[in-house]
Protein chains: 2
Amino acid sequence: MSARHGAAVVVHSGGPSPVLNASLAGAIAESRKHTEISAIYGARFGAKGLVEGDFVDISGCDAGLLQALARTPGSAIGCSRRKIEPEEYSGIIGELERRSVRYLFYTGGNGSMETALALHRMVRGAGREINVIGIPKTIDNDIAGTDHTPGYASCARYFAHVARDVGADNRALPPPVEIIEVLGRTTGWVVAATALARHAGDDPPHLIYFPENGLSLEQLCADVERVYRRLGRCQVAVCEGQHDETGGWFDAELNNLPGQRGVLPANMGQLLARLVWSATGLRTRAEKPGLAGRSCAPLISETDCTESWRCGEAAVRAALAGRSGEMVAIRRVAGPAYRSEMETVPLEEIAGMERQFPAEWMSAEHNDVTPAFVEWAQPLVGEVPPHPRPWAL
Amino acid sequence: MSARHGAAVVVHSGGPSPVLNASLAGAIAESRKHTEISAIYGARFGAKGLVEGDFVDISGCDAGLLQALARTPGSAIGCSRRKIEPEEYSGIIGELERRSVRYLFYTGGNGSMETALALHRMVRGAGREINVIGIPKTIDNDIAGTDHTPGYASCARYFAHVARDVGADNRALPPPVEIIEVLGRTTGWVVAATALARHAGDDPPHLIYFPENGLSLEQLCADVERVYRRLGRCQVAVCEGQHDETGGWFDAELNNLPGQRGVLPANMGQLLARLVWSATGLRTRAEKPGLAGRSCAPLISETDCTESWRCGEAAVRAALAGRSGEMVAIRRVAGPAYRSEMETVPLEEIAGMERQFPAEWMSAEHNDVTPAFVEWAQPLVGEVPPHPRPWAL
């Protein structure tokens, strides 16, 4: 099928990442190269803009601005967690037709890819020629069918730096136990990457837990006490959504009002700090960088930024090649140096599926990663150089 | 008084800063230039090392390592919050004499300068020739007698970046209210510097509070609702030690065990988030970078790093010139471009005094800074460049 002349729309769904705008910039840059694309629009605030027909023309954007945009956290067109209701699809398709949109780029995580798949099916069902391509985006790295997701490596890089730098502070003036709360609701990809902070044998983090596994307070305290006996300090990296052994959240305060349904614990690190202190008698404090971890411009991974841009470019090329109902994916090319290629995978193979952190990359005690994971993550995250430690303390 | 031949000791007191090691490196570098200084030692873990005579020889450290050390958070010789008991001073002086120490550099905040002054007086009272010089260090910027303190600008730079970057995330996907918990127990210097994140009129932070003033929940909620009506979002920067209107801490969980004396609230941001959400119905979340704010190597201010180094150098020169009982201070030199000079001030004029954030740099409502503060802080903190915002949202 040859490319049809028409407009393109980019949608940002779910939470931002440090390099979400890089895939937007890549899509804009690639669109410019193809006369088939008459204009490119952004849906303002994701699904909301799509449903309401609230589009912003993002065609006019010079090369320097695109480069700067690629290193800007957040989303220049706005995101949304809004769901699209079944009865809203026909209105969306009608609006896209009125604007002569032929290319729709839906950017998001595994849940958003379900929406992209639904849009693709509705378009096809209505006999319309609009090609729908998913662009992966999530710091959580939990989309199937791709080696990793744009956004992950920058977030991982941020938290590895926090583990390293707070560790340097702790080495000088230890709170005996330091808990770093890391982004991650249900998968341990980001918390795992704090391991990249380590260079010497006693470098933090000393314990890494995974929300894929239930963690009992008993195990946590026993692990902490063992590390403390060895080093006189212990840094723990734990997800905001770490589960206890019952599948609950240690009776955490939830990020909502009393009576509302819980969405996520609001204070996992601080809660565990209090519990560990009470149980072990070791003074414990917690840090929660929170959204700083998915927005820190100075710690964007160069590989991540470049790959996110390339995902945007690849999405445009796939749509122009007549593909629809597919998501751009990153394939790691075997070889001595890290290299990746963009490909596409059918949305129906990956939509709504959550890719958990692999059990084989967890230590036997489920409190650390294996060297194989570090080897996998290192080229994505980039160097987290060691601090000099000239004198034994 | 001509310089006496002997050894030098550096002590790090209180919490680390991102550039505490820079003043250490500067002191080592300057010591090397003077044959009067036979060796330079670090007291391991601050007052503890001093009391126990636990010193590490830090003389052998090449120029490249000193440069790297200057950009390493924490303390390469270890810090301590330990107090020196009155009966311990004579033992300290005896140990210094045994090691032929003639120069003692006590690095810390206003409380540590009291210890430095006591050491100076005890030495003089005992008729010993050991020159005691204070080196200022605190992210809190609350030492009197100096334009600002080494460590402040880097911590300020960190939190200004957090306000900017989390603000970009919030603009794309607003939690209606976002609270950034900033380091600062009793003074508002660091929280004030989040204002350097702003470029456009609607840039965050939208509200900045000072622990020097009591803040009522009623004022906080009224301020938040006013900003929310204007922008649809509101970012609040608040200190970990923000006081309520009674001088208390909003019934915050304290960073200690039940029954122990409270040292500091452990969850001020999260507590205020819950209170604001309950009172206004606006969904509110909080981030607490905590110790990441005083240890982030990638966001060290160049001015801060250089000035901290120069404070170390100036301390050595002052001690060699026969001065004692004084602290190095930074003087801002009037002129079109920022420039500073190092001088010394008598410890008895500044020891134990807390320099609060000036009322004249607070807005009339005590919920923002004035432009004069931003002008004062900008050359210290360095550029916090705006993110591109090509399209209206």
# chains A, B, ... in the order shown; residues from 1 in each chain; ligands from 1

call {"tool": "calpha_fit_and_write", "arguments": {"fixed": "chain B", "moving": "chain A", "output": "compact mmCIF listing (two decimals) with C-alpha atoms, in the first residue's frame"}}
result
# COMPACT_ATOMS: atom_id res chain seq x y z
CA MET A 1 54.55 35.69 64.71
CA SER A 2 56.42 33.71 62.10
CA ALA A 3 55.13 30.31 61.04
CA ARG A 4 56.16 27.40 63.17
CA HIS A 5 57.18 24.11 61.59
CA GLY A 6 54.69 21.38 62.29
CA ALA A 7 51.81 19.24 61.12
CA ALA A 8 48.26 20.24 60.22
CA VAL A 9 44.97 18.50 60.97
CA VAL A 10 41.64 18.93 59.19
CA VAL A 11 38.41 18.07 61.01
CA HIS A 12 34.99 17.72 59.33
CA SER A 13 32.12 18.41 61.71
CA GLY A 14 28.39 17.99 61.12
CA GLY A 15 26.74 16.77 57.93
CA PRO A 16 28.55 16.60 54.59
CA SER A 17 27.93 18.94 51.69
CA PRO A 18 28.47 18.39 47.96
CA VAL A 19 31.71 20.42 48.15
CA LEU A 20 33.02 19.71 51.65
CA ASN A 21 35.84 17.73 50.07
CA ALA A 22 36.73 20.76 47.94
CA SER A 23 37.83 22.74 51.00
CA LEU A 24 39.79 19.68 52.14
CA ALA A 25 41.46 19.46 48.73
CA GLY A 26 42.22 23.19 48.81
CA ALA A 27 43.80 22.88 52.25
CA ILE A 28 45.93 19.94 51.12
CA ALA A 29 47.02 21.75 47.95
CA GLU A 30 47.94 24.92 49.84
CA SER A 31 49.76 22.99 52.58
CA ARG A 32 52.03 21.46 49.96
CA LYS A 33 53.27 24.90 49.00
CA HIS A 34 54.61 25.63 52.47
CA THR A 35 57.59 23.81 53.89
CA GLU A 36 56.50 24.84 57.39
CA ILE A 37 53.78 22.20 57.14
CA SER A 38 55.48 18.85 57.59
CA ALA A 39 52.38 16.70 57.11
CA ILE A 40 48.62 17.06 56.89
CA TYR A 41 46.25 14.69 58.64
CA GLY A 42 42.53 14.15 58.59
CA ALA A 43 40.74 13.36 61.84
CA ARG A 44 38.72 10.24 61.04
CA PHE A 45 35.03 10.97 61.51
CA GLY A 46 35.39 14.46 62.87
CA ALA A 47 35.38 15.06 66.62
CA LYS A 48 35.51 11.30 67.18
CA GLY A 49 38.87 11.05 65.42
CA LEU A 50 40.12 14.14 67.22
CA VAL A 51 39.20 12.81 70.66
CA GLU A 52 40.51 9.32 69.95
CA GLY A 53 43.65 10.48 68.16
CA ASP A 54 42.53 8.59 65.07
CA PHE A 55 44.24 10.46 62.25
CA VAL A 56 44.83 9.53 58.61
CA ASP A 57 47.81 10.98 56.72
CA ILE A 58 46.33 12.84 53.74
CA SER A 59 49.58 14.44 52.58
CA GLY A 60 50.14 12.07 49.67
CA CYS A 61 47.49 12.92 47.13
CA ASP A 62 48.34 13.97 43.57
CA ALA A 63 46.88 17.02 41.83
CA GLY A 64 44.49 15.00 39.66
CA LEU A 65 43.07 13.22 42.68
CA LEU A 66 42.61 16.55 44.49
CA GLN A 67 40.63 17.89 41.54
CA ALA A 68 38.41 14.78 41.50
CA LEU A 69 38.02 14.93 45.27
CA ALA A 70 36.75 18.50 45.02
CA ARG A 71 33.75 17.19 43.08
CA THR A 72 33.03 14.25 45.36
CA PRO A 73 30.12 14.53 47.81
CA GLY A 74 30.40 13.26 51.36
CA SER A 75 33.68 13.54 53.22
CA ALA A 76 36.83 11.63 52.34
CA ILE A 77 37.88 11.71 56.01
CA GLY A 78 34.46 11.26 57.62
CA CYS A 79 32.20 13.60 59.58
CA SER A 80 30.62 13.43 62.98
CA ARG A 81 27.89 15.13 64.96
CA ARG A 82 29.65 14.08 68.17
CA LYS A 83 30.14 16.83 70.75
CA ILE A 84 33.47 17.28 72.52
CA GLU A 85 33.00 17.06 76.30
CA PRO A 86 34.80 19.66 78.47
CA GLU A 87 37.02 17.00 80.03
CA GLU A 88 38.18 15.81 76.60
CA TYR A 89 39.93 18.99 75.50
CA SER A 90 43.16 18.42 77.43
CA GLY A 91 43.52 14.96 75.92
CA ILE A 92 43.05 16.39 72.46
CA ILE A 93 45.68 19.05 73.00
CA GLY A 94 48.10 16.50 74.39
CA GLU A 95 47.65 14.30 71.33
CA LEU A 96 48.13 17.24 68.96
CA GLU A 97 51.34 18.16 70.77
CA ARG A 98 52.64 14.60 70.56
CA ARG A 99 52.12 14.69 66.80
CA SER A 100 53.71 18.16 66.53
CA VAL A 101 50.49 19.61 65.17
CA ARG A 102 50.66 23.39 64.88
CA TYR A 103 47.68 24.00 62.61
CA LEU A 104 44.14 22.85 63.22
CA PHE A 105 41.39 23.40 60.65
CA TYR A 106 37.88 22.89 61.97
CA THR A 107 35.30 22.62 59.21
CA GLY A 108 31.61 22.99 59.94
CA GLY A 109 28.57 25.13 60.63
CA ASN A 110 27.82 27.66 63.31
CA GLY A 111 27.67 25.03 66.08
CA SER A 112 31.01 23.58 65.00
CA MET A 113 32.50 27.06 65.13
CA GLU A 114 31.69 27.09 68.87
CA THR A 115 33.81 23.97 69.19
CA ALA A 116 36.57 25.60 67.14
CA LEU A 117 36.46 28.62 69.43
CA ALA A 118 36.60 26.41 72.52
CA LEU A 119 39.61 24.56 71.06
CA HIS A 120 41.34 27.85 70.34
CA ARG A 121 40.77 29.05 73.90
CA MET A 122 41.88 25.78 75.48
CA VAL A 123 45.05 25.78 73.37
CA ARG A 124 45.84 29.36 74.33
CA GLY A 125 44.95 28.69 77.96
CA ALA A 126 47.40 25.79 77.97
CA GLY A 127 50.08 28.03 76.47
CA ARG A 128 50.36 25.90 73.35
CA GLU A 129 51.17 27.23 69.90
CA ILE A 130 48.50 25.61 67.80
CA ASN A 131 46.62 27.90 65.45
CA VAL A 132 42.93 27.05 65.11
CA ILE A 133 41.10 28.24 62.01
CA GLY A 134 37.47 27.56 61.14
CA ILE A 135 36.47 26.62 57.60
CA PRO A 136 32.80 27.34 56.90
CA LYS A 137 30.68 24.49 55.60
CA THR A 138 26.95 24.16 55.54
CA ILE A 139 24.28 23.74 52.92
CA ASP A 140 22.03 25.75 55.27
CA ASN A 141 23.90 29.02 54.64
CA ASP A 142 23.17 30.05 58.20
CA ILE A 143 26.62 31.11 59.41
CA ALA A 144 27.02 34.79 60.27
CA GLY A 145 29.95 36.93 59.14
CA THR A 146 30.22 35.52 55.63
CA ASP A 147 28.31 36.46 52.48
CA HIS A 148 27.39 32.79 52.09
CA THR A 149 28.75 29.38 53.00
CA PRO A 150 30.45 26.72 50.87
CA GLY A 151 27.92 23.95 50.20
CA TYR A 152 24.93 26.25 50.03
CA ALA A 153 25.02 27.05 46.33
CA SER A 154 25.30 23.40 45.22
CA CYS A 155 22.39 22.34 47.40
CA ALA A 156 20.40 25.34 46.18
CA ARG A 157 21.29 24.43 42.59
CA TYR A 158 20.04 20.89 43.13
CA PHE A 159 16.65 21.95 44.47
CA ALA A 160 16.18 24.62 41.80
CA HIS A 161 16.67 21.89 39.20
CA VAL A 162 14.18 19.64 41.00
CA ALA A 163 11.61 22.45 41.05
CA ARG A 164 12.17 23.08 37.34
CA ASP A 165 12.19 19.45 36.20
CA VAL A 166 9.37 18.15 38.39
CA GLY A 167 7.52 21.28 37.24
CA ALA A 168 7.96 20.18 33.61
CA ASP A 169 6.53 16.79 34.55
CA ASN A 170 3.63 18.43 36.43
CA ARG A 171 2.85 20.72 33.49
CA ALA A 172 2.41 17.65 31.28
CA LEU A 173 0.39 15.59 33.77
CA PRO A 174 -0.56 17.72 36.75
CA PRO A 175 -1.23 16.39 40.13
CA PRO A 176 -3.20 19.51 41.01
CA VAL A 177 -0.87 20.16 43.93
CA GLU A 178 2.78 19.11 44.16
CA ILE A 179 4.84 19.62 47.29
CA ILE A 180 8.63 19.60 47.09
CA GLU A 181 10.22 18.99 50.49
CA VAL A 182 13.50 20.88 50.64
CA LEU A 183 16.41 20.48 53.07
CA GLY A 184 16.43 23.07 55.85
CA ARG A 185 15.64 22.68 59.51
CA THR A 186 15.31 26.22 60.74
CA THR A 187 16.33 28.61 57.96
CA GLY A 188 14.89 29.19 54.51
CA TRP A 189 17.97 29.85 52.41
CA VAL A 190 17.75 26.64 50.38
CA VAL A 191 14.00 26.63 49.88
CA ALA A 192 14.24 30.27 48.78
CA ALA A 193 16.62 29.28 45.99
CA THR A 194 14.02 27.10 44.29
CA ALA A 195 12.86 30.47 42.86
CA LEU A 196 15.82 30.25 40.49
CA ALA A 197 13.89 27.58 38.56
CA ARG A 198 11.54 30.24 37.20
CA HIS A 199 11.68 31.88 33.80
CA ALA A 200 8.07 32.28 32.63
CA GLY A 201 5.36 33.82 34.80
CA ASP A 202 3.62 30.51 35.45
CA ASP A 203 6.82 28.54 36.17
CA PRO A 204 7.11 26.72 39.50
CA PRO A 205 7.54 26.90 42.37
CA HIS A 206 4.34 28.88 42.82
CA LEU A 207 4.63 29.10 46.60
CA ILE A 208 7.74 29.19 48.78
CA TYR A 209 7.50 29.11 52.57
CA PHE A 210 10.11 29.88 55.20
CA PRO A 211 10.68 28.03 58.46
CA GLU A 212 11.47 31.41 60.02
CA ASN A 213 7.72 32.08 59.87
CA GLY A 214 4.93 29.98 61.27
CA LEU A 215 2.64 28.72 58.51
CA SER A 216 -0.98 27.92 59.24
CA LEU A 217 -2.73 25.17 57.33
CA GLU A 218 -5.41 27.76 56.56
CA GLN A 219 -2.92 30.07 54.82
CA LEU A 220 -1.31 27.19 52.96
CA CYS A 221 -4.65 25.93 51.63
CA ALA A 222 -5.87 29.42 50.71
CA ASP A 223 -2.61 30.12 48.84
CA VAL A 224 -2.77 26.74 47.05
CA GLU A 225 -6.39 27.26 46.00
CA ARG A 226 -5.64 30.73 44.66
CA VAL A 227 -2.75 29.43 42.51
CA TYR A 228 -4.82 26.44 41.42
CA ARG A 229 -7.66 28.66 40.23
CA ARG A 230 -5.19 30.62 38.12
CA LEU A 231 -3.09 27.77 36.66
CA GLY A 232 -4.84 24.47 37.28
CA ARG A 233 -1.80 23.29 39.21
CA CYS A 234 0.36 24.45 42.10
CA GLN A 235 3.90 23.54 43.14
CA VAL A 236 4.82 24.31 46.74
CA ALA A 237 8.40 24.39 48.02
CA VAL A 238 8.60 23.85 51.75
CA CYS A 239 11.36 23.00 54.24
CA GLU A 240 11.61 19.69 56.07
CA GLY A 241 11.49 21.76 59.26
CA GLN A 242 8.63 24.14 58.39
CA HIS A 243 6.89 25.35 61.53
CA ASP A 244 3.17 25.75 61.97
CA GLU A 245 1.70 28.85 63.58
CA THR A 246 2.15 27.40 67.08
CA GLY A 247 5.88 26.81 66.51
CA GLY A 248 5.23 23.06 66.20
CA TRP A 249 5.55 20.82 63.18
CA PHE A 250 1.93 20.08 62.20
CA ASP A 251 2.09 16.92 64.37
CA ALA A 252 4.70 15.50 61.98
CA GLU A 253 6.18 12.08 62.48
CA LEU A 254 9.59 12.74 63.99
CA ASN A 255 12.78 11.20 62.75
CA ASN A 256 13.19 9.05 65.84
CA LEU A 257 11.58 6.23 67.76
CA PRO A 258 8.46 6.71 69.87
CA GLY A 259 9.49 8.02 73.28
CA GLN A 260 12.76 9.51 72.05
CA ARG A 261 13.19 13.25 71.87
CA GLY A 262 12.27 14.55 68.42
CA VAL A 263 15.12 15.72 66.26
CA LEU A 264 13.39 16.67 63.03
CA PRO A 265 10.20 15.86 61.17
CA ALA A 266 10.68 12.86 58.89
CA ASN A 267 7.84 13.45 56.50
CA MET A 268 6.89 17.14 56.35
CA GLY A 269 6.12 17.12 52.61
CA GLN A 270 3.97 14.01 52.75
CA LEU A 271 2.21 15.24 55.90
CA LEU A 272 1.35 18.58 54.29
CA ALA A 273 0.23 16.74 51.12
CA ARG A 274 -2.27 14.73 53.14
CA LEU A 275 -3.47 17.78 55.06
CA VAL A 276 -3.87 19.91 51.92
CA TRP A 277 -5.67 17.12 50.05
CA SER A 278 -8.07 16.60 52.93
CA ALA A 279 -8.77 20.30 53.36
CA THR A 280 -9.07 21.33 49.71
CA GLY A 281 -10.09 18.14 47.92
CA LEU A 282 -7.25 18.77 45.45
CA ARG A 283 -5.14 15.69 44.79
CA THR A 284 -1.74 16.40 46.26
CA ARG A 285 1.54 14.51 46.18
CA ALA A 286 4.95 15.15 47.70
CA GLU A 287 8.57 14.42 46.81
CA LYS A 288 11.41 14.28 49.32
CA PRO A 289 14.82 14.12 47.66
CA GLY A 290 16.30 14.51 51.13
CA LEU A 291 20.00 13.67 51.34
CA ALA A 292 20.17 13.51 47.52
CA GLY A 293 19.98 17.29 47.81
CA ARG A 294 23.25 17.58 49.68
CA SER A 295 25.15 14.95 47.71
CA CYS A 296 24.33 15.32 44.00
CA ALA A 297 27.70 15.43 42.24
CA PRO A 298 26.34 16.24 38.75
CA LEU A 299 24.68 19.41 40.02
CA ILE A 300 27.58 20.90 41.99
CA SER A 301 27.80 24.66 41.43
CA GLU A 302 31.14 25.59 39.88
CA THR A 303 31.28 28.81 41.91
CA ASP A 304 30.60 26.83 45.07
CA CYS A 305 33.24 24.23 44.31
CA THR A 306 35.86 26.84 43.56
CA GLU A 307 35.04 28.93 46.61
CA SER A 308 35.08 25.93 48.91
CA TRP A 309 38.56 25.07 47.60
CA ARG A 310 39.66 28.67 48.13
CA CYS A 311 38.34 28.60 51.72
CA GLY A 312 40.62 25.63 52.37
CA GLU A 313 43.57 27.48 50.86
CA ALA A 314 42.79 30.65 52.81
CA ALA A 315 42.57 28.72 56.08
CA VAL A 316 46.10 27.39 55.60
CA ARG A 317 47.44 30.83 54.74
CA ALA A 318 45.74 32.41 57.76
CA ALA A 319 47.12 29.78 60.12
CA LEU A 320 50.61 30.15 58.70
CA ALA A 321 50.29 33.92 59.16
CA GLY A 322 49.84 33.25 62.86
CA ARG A 323 46.10 33.77 63.04
CA SER A 324 43.98 31.65 65.36
CA GLY A 325 40.44 31.76 66.69
CA GLU A 326 39.17 32.98 63.34
CA MET A 327 36.98 31.58 60.56
CA VAL A 328 37.51 32.02 56.86
CA ALA A 329 34.67 34.06 55.36
CA ILE A 330 33.59 34.89 51.83
CA ARG A 331 33.30 38.54 50.98
CA ARG A 332 31.37 39.57 47.88
CA VAL A 333 33.30 42.22 45.98
CA ALA A 334 31.15 45.02 44.60
CA GLY A 335 31.18 45.33 40.83
CA PRO A 336 29.30 44.48 37.66
CA ALA A 337 30.35 40.80 37.62
CA TYR A 338 30.27 38.46 40.59
CA ARG A 339 33.60 38.17 42.39
CA SER A 340 34.54 37.07 45.88
CA GLU A 341 37.52 37.37 48.20
CA MET A 342 38.42 35.32 51.22
CA GLU A 343 38.93 37.02 54.56
CA THR A 344 38.77 35.94 58.18
CA VAL A 345 36.40 36.89 60.98
CA PRO A 346 36.87 36.31 64.73
CA LEU A 347 35.15 33.09 65.80
CA GLU A 348 33.76 34.80 68.88
CA GLU A 349 31.72 37.10 66.62
CA ILE A 350 29.97 34.30 64.76
CA ALA A 351 30.19 31.02 66.73
CA GLY A 352 26.78 29.54 67.55
CA MET A 353 24.89 32.34 65.85
CA GLU A 354 22.24 31.35 63.34
CA ARG A 355 21.77 33.64 60.37
CA GLN A 356 18.13 33.52 59.36
CA PHE A 357 16.75 34.22 55.93
CA PRO A 358 16.21 38.00 55.86
CA ALA A 359 12.63 39.19 56.21
CA GLU A 360 13.25 41.86 53.56
CA TRP A 361 13.82 39.10 50.99
CA MET A 362 10.41 37.56 51.68
CA SER A 363 7.29 38.71 49.88
CA ALA A 364 4.70 40.60 51.93
CA GLU A 365 2.61 37.42 52.31
CA HIS A 366 5.68 35.38 53.34
CA ASN A 367 5.02 32.90 50.54
CA ASP A 368 7.68 33.93 48.02
CA VAL A 369 11.07 35.62 47.66
CA THR A 370 11.79 39.08 46.30
CA PRO A 371 13.72 39.79 43.08
CA ALA A 372 16.60 41.12 45.21
CA PHE A 373 17.15 37.64 46.65
CA VAL A 374 17.20 36.06 43.18
CA GLU A 375 19.76 38.64 42.09
CA TRP A 376 21.89 37.83 45.14
CA ALA A 377 21.68 34.04 44.70
CA GLN A 378 21.97 33.74 40.92
CA PRO A 379 25.77 34.05 40.56
CA LEU A 380 26.29 31.49 43.32
CA VAL A 381 23.84 28.91 42.02
CA GLY A 382 24.68 29.38 38.34
CA GLU A 383 22.35 29.06 35.41
CA VAL A 384 19.23 26.90 35.70
CA PRO A 385 18.25 27.22 32.05
CA PRO A 386 14.60 27.22 31.02
CA HIS A 387 13.13 24.25 29.22
CA PRO A 388 11.68 25.02 25.80
CA ARG A 389 7.89 25.31 25.82
CA PRO A 390 7.09 25.69 22.14
CA TRP A 391 3.32 25.17 22.45
CA ALA A 392 0.72 26.54 24.82
CA LEU A 393 -0.91 23.87 26.96

call {"tool": "select_by_dssp", "arguments": {"residues": "stretch 131-313 of chain A", "states": "helix (DSSP H, G or I)", "output": "VMD selection string"}}
result
chain A and resid 152 to 172 189 to 197 217 to 231 268 to 280 290 to 294 297 to 299 302 to 313

call {"tool": "write_last_selection", "arguments": {"atoms": "C-alpha atoms", "output": "mmCIF file, in the first residue's frame"}}
result
data_model
loop_
_atom_site.group_PDB
_atom_site.id
_atom_site.type_symbol
_atom_site.label_atom_id
_atom_site.label_comp_id
_atom_site.auth_asym_id
_atom_site.auth_seq_id
_atom_site.Cartn_x
_atom_site.Cartn_y
_atom_site.Cartn_z
ATOM 1 C CA TYR A 152 13.809 3.496 31.293
ATOM 2 C CA ALA A 153 17.527 4.130 30.988
ATOM 3 C CA SER A 154 17.318 7.801 32.025
ATOM 4 C CA CYS A 155 15.238 6.993 35.083
ATOM 5 C CA ALA A 156 17.600 4.128 35.919
ATOM 6 C CA ARG A 157 20.555 6.480 35.464
ATOM 7 C CA TYR A 158 19.007 8.968 37.871
ATOM 8 C CA PHE A 159 18.465 6.440 40.645
ATOM 9 C CA ALA A 160 21.913 4.878 40.187
ATOM 10 C CA HIS A 161 23.381 8.345 40.740
ATOM 11 C CA VAL A 162 21.218 8.846 43.829
ATOM 12 C CA ALA A 163 22.392 5.510 45.248
ATOM 13 C CA ARG A 164 26.013 6.454 44.564
ATOM 14 C CA ASP A 165 25.862 10.037 45.841
ATOM 15 C CA VAL A 166 23.688 9.453 48.896
ATOM 16 C CA GLY A 167 26.008 6.508 49.547
ATOM 17 C CA ALA A 168 28.993 8.892 49.586
ATOM 18 C CA ASP A 169 27.135 11.047 52.102
ATOM 19 C CA ASN A 170 26.235 7.978 54.203
ATOM 20 C CA ARG A 171 29.844 6.745 54.184
ATOM 21 C CA ALA A 172 30.933 10.057 55.709
ATOM 22 C CA TRP A 189 13.531 -2.820 36.497
ATOM 23 C CA VAL A 190 14.386 0.631 37.864
ATOM 24 C CA VAL A 191 15.257 -0.445 41.392
ATOM 25 C CA ALA A 192 17.482 -3.158 39.900
ATOM 26 C CA ALA A 193 19.502 -0.512 38.068
ATOM 27 C CA THR A 194 20.651 1.115 41.303
ATOM 28 C CA ALA A 195 23.233 -1.717 41.225
ATOM 29 C CA LEU A 196 25.065 0.301 38.569
ATOM 30 C CA ALA A 197 26.183 2.665 41.348
ATOM 31 C CA LEU A 217 9.617 -7.383 57.435
ATOM 32 C CA GLU A 218 11.493 -10.270 59.050
ATOM 33 C CA GLN A 219 13.619 -10.855 55.937
ATOM 34 C CA LEU A 220 14.228 -7.134 55.471
ATOM 35 C CA CYS A 221 15.414 -6.690 59.060
ATOM 36 C CA ALA A 222 17.570 -9.827 58.995
ATOM 37 C CA ASP A 223 19.198 -8.689 55.733
ATOM 38 C CA VAL A 224 19.767 -5.163 57.093
ATOM 39 C CA GLU A 225 21.311 -6.457 60.314
ATOM 40 C CA ARG A 226 23.647 -8.770 58.416
ATOM 41 C CA VAL A 227 24.911 -5.912 56.212
ATOM 42 C CA TYR A 228 25.162 -3.602 59.215
ATOM 43 C CA ARG A 229 27.323 -6.087 61.114
ATOM 44 C CA ARG A 230 29.691 -6.231 58.147
ATOM 45 C CA LEU A 231 29.872 -2.519 57.208
ATOM 46 C CA MET A 268 6.805 3.210 51.271
ATOM 47 C CA GLY A 269 10.376 4.278 52.060
ATOM 48 C CA GLN A 270 9.440 6.229 55.170
ATOM 49 C CA LEU A 271 7.102 3.456 56.326
ATOM 50 C CA LEU A 272 9.814 0.819 55.984
ATOM 51 C CA ALA A 273 12.285 3.158 57.730
ATOM 52 C CA ARG A 274 9.995 3.377 60.747
ATOM 53 C CA LEU A 275 9.346 -0.370 60.763
ATOM 54 C CA VAL A 276 13.044 -1.264 60.448
ATOM 55 C CA TRP A 277 14.062 1.228 63.139
ATOM 56 C CA SER A 278 11.448 -0.127 65.522
ATOM 57 C CA ALA A 279 12.361 -3.751 64.865
ATOM 58 C CA THR A 280 16.157 -3.471 64.845
ATOM 59 C CA GLY A 290 9.785 10.488 43.477
ATOM 60 C CA LEU A 291 8.911 12.392 40.305
ATOM 61 C CA ALA A 292 12.410 13.923 40.270
ATOM 62 C CA GLY A 293 13.429 10.452 39.114
ATOM 63 C CA ARG A 294 11.415 10.638 35.918
ATOM 64 C CA ALA A 297 17.180 16.618 32.634
ATOM 65 C CA PRO A 298 20.864 16.679 33.683
ATOM 66 C CA LEU A 299 20.916 12.904 34.098
ATOM 67 C CA GLU A 302 22.411 9.719 25.882
ATOM 68 C CA THR A 303 21.572 6.232 24.581
ATOM 69 C CA ASP A 304 18.029 6.625 25.862
ATOM 70 C CA CYS A 305 17.579 10.054 24.321
ATOM 71 C CA THR A 306 18.873 8.909 20.958
ATOM 72 C CA GLU A 307 16.800 5.734 20.941
ATOM 73 C CA SER A 308 13.641 7.567 21.919
ATOM 74 C CA TRP A 309 14.200 9.943 18.986
ATOM 75 C CA ARG A 310 14.791 6.977 16.683
ATOM 76 C CA CYS A 311 11.550 5.339 17.882
ATOM 77 C CA GLY A 312 9.704 8.468 16.781
ATOM 78 C CA GLU A 313 11.409 8.371 13.396
#

call {"tool": "select_by_dssp", "arguments": {"residues": "stretch 103-223 of chain A", "states": "strand (DSSP E)", "output": "ChimeraX atom specification"}}
result
/A:103-108,131-136,177-182,207-208
